[in-house]
Amino acid sequence: LQSGTTSLAGSFLNAGVTSYVGALWPVSDQGSAMVASDFYRLVLHGNTIGEALRKARLTSFGKWGYHDHVWSSFILFGDPQSRLFINND
């Protein structure tokens, strides 16, 4: 990388985002949809970002194992203990 350039995750973190989940390589649409659905359901039910990603990855691995590496593609940058707060006002 050239001086002054950063990754997408780094840009979000530098802008103040506490956590960023991204894929390291292209993954199947079906696998991505399953991981994302599980991840967001878990986050909305109070899990930390790190715990929700871990559980979603384990569910994906349990379903597809090593046949679809989508479970290992998604990683967390930032604070794994952060939570999503929704203001219902």
# chains A, B, ... in the order shown; residues from 1 in each chain; ligands from 1

$ residues_around --residues "Val43 (chain A)" --least-positions-apart "5" --cutoff "12 Å" --atoms "only C-alpha atoms" --output "PyMOL selection string"
chain A and resi 36-38+48-56+80-86

$ write_last_selection --atoms "N, CA, C and O atoms" --output "short mmCIF file (atom, residue, chain, number, x, y, z; two decimals), in the first residue's frame"
data_model
loop_
_atom_site.label_atom_id
_atom_site.label_comp_id
_atom_site.auth_asym_id
_atom_site.auth_seq_id
_atom_site.Cartn_x
_atom_site.Cartn_y
_atom_site.Cartn_z
N ALA A 36 -25.15 -13.71 7.39
CA ALA A 36 -25.67 -12.39 7.71
C ALA A 36 -26.98 -12.47 8.48
O ALA A 36 -27.18 -11.75 9.47
N SER A 37 -27.87 -13.35 8.07
CA SER A 37 -29.15 -13.50 8.75
C SER A 37 -28.95 -13.94 10.20
O SER A 37 -29.54 -13.37 11.12
N ASP A 38 -28.11 -14.96 10.39
CA ASP A 38 -27.82 -15.42 11.75
C ASP A 38 -27.14 -14.33 12.57
O ASP A 38 -27.49 -14.09 13.73
N THR A 48 -23.04 -9.62 21.79
CA THR A 48 -22.01 -8.69 21.34
C THR A 48 -21.73 -8.98 19.87
O THR A 48 -22.06 -10.06 19.35
N ILE A 49 -21.10 -8.04 19.19
CA ILE A 49 -20.74 -8.22 17.78
C ILE A 49 -19.84 -9.44 17.62
O ILE A 49 -20.05 -10.27 16.74
N GLY A 50 -18.86 -9.58 18.50
CA GLY A 50 -17.93 -10.71 18.43
C GLY A 50 -18.62 -12.04 18.66
O GLY A 50 -18.36 -13.02 17.94
N GLU A 51 -19.49 -12.11 19.66
CA GLU A 51 -20.19 -13.35 19.97
C GLU A 51 -21.17 -13.71 18.86
O GLU A 51 -21.27 -14.88 18.47
N ALA A 52 -21.86 -12.74 18.31
CA ALA A 52 -22.80 -12.99 17.22
C ALA A 52 -22.07 -13.53 15.99
O ALA A 52 -22.54 -14.48 15.35
N LEU A 53 -20.92 -12.96 15.67
CA LEU A 53 -20.16 -13.45 14.52
C LEU A 53 -19.65 -14.86 14.77
O LEU A 53 -19.72 -15.71 13.89
N ARG A 54 -19.16 -15.12 15.97
CA ARG A 54 -18.67 -16.46 16.29
C ARG A 54 -19.78 -17.49 16.15
O ARG A 54 -19.61 -18.53 15.51
N LYS A 55 -20.95 -17.20 16.69
CA LYS A 55 -22.08 -18.14 16.62
C LYS A 55 -22.56 -18.33 15.18
O LYS A 55 -22.88 -19.45 14.77
N ALA A 56 -22.62 -17.24 14.42
CA ALA A 56 -23.06 -17.34 13.02
C ALA A 56 -22.07 -18.18 12.21
O ALA A 56 -22.46 -18.99 11.36
N PRO A 80 -14.65 -6.52 19.77
CA PRO A 80 -15.61 -7.63 19.75
C PRO A 80 -16.68 -7.52 20.83
O PRO A 80 -17.70 -8.20 20.76
N GLN A 81 -16.48 -6.67 21.82
CA GLN A 81 -17.45 -6.52 22.91
C GLN A 81 -18.52 -5.46 22.63
O GLN A 81 -19.43 -5.27 23.43
N SER A 82 -18.41 -4.78 21.49
CA SER A 82 -19.40 -3.74 21.20
C SER A 82 -20.76 -4.38 20.90
O SER A 82 -20.86 -5.54 20.51
N ARG A 83 -21.79 -3.60 21.15
CA ARG A 83 -23.18 -4.05 20.94
C ARG A 83 -23.91 -3.03 20.09
O ARG A 83 -23.54 -1.87 20.04
N LEU A 84 -24.96 -3.50 19.47
CA LEU A 84 -25.83 -2.62 18.71
C LEU A 84 -26.88 -2.06 19.65
O LEU A 84 -27.55 -2.81 20.36
N PHE A 85 -26.99 -0.76 19.69
CA PHE A 85 -28.02 -0.11 20.50
C PHE A 85 -29.03 0.53 19.57
O PHE A 85 -28.67 1.28 18.67
N ILE A 86 -30.28 0.24 19.80
CA ILE A 86 -31.35 0.78 18.98
C ILE A 86 -32.15 1.75 19.84
O ILE A 86 -32.63 1.40 20.91
#

$ select_by_dssp --residues "chain A" --states "strand (DSSP E)" --output "list in words"
Ser19, Tyr20, Val21, Gly22, Ala23, Phe74, Ile75, Leu76, Phe77 and Gly78 of chain A

$ residues_around --residues "Trp71 (chain A)" --least-positions-apart "5" --cutoff "10 Å" --atoms "only C-alpha atoms" --output "ChimeraX atom specification"
/A:23,27,31-32,34-35,53-54,56-66

$ atom_distance --atom1 "CA of Phe39 (chain A)" --atom2 "CA of Ser7 (chain A)"
22.7 Å

$ atom_distance --atom1 "CA of Ser19 (chain A)" --atom2 "CA of His67 (chain A)"
28.3 Å

$ atom_distance --atom1 "CA of Gln30 (chain A)" --atom2 "CA of Phe12 (chain A)"
26.2 Å

$ residues_around --residues "Phe77 (chain A)" --least-positions-apart "5" --cutoff "10 Å" --atoms "only C-alpha atoms" --output "list in words"
Ala9, Gly10, Phe12, Leu13, Val17, Thr18, Ser19, Tyr20, Val21, Gly22 and Gly50 of chain A
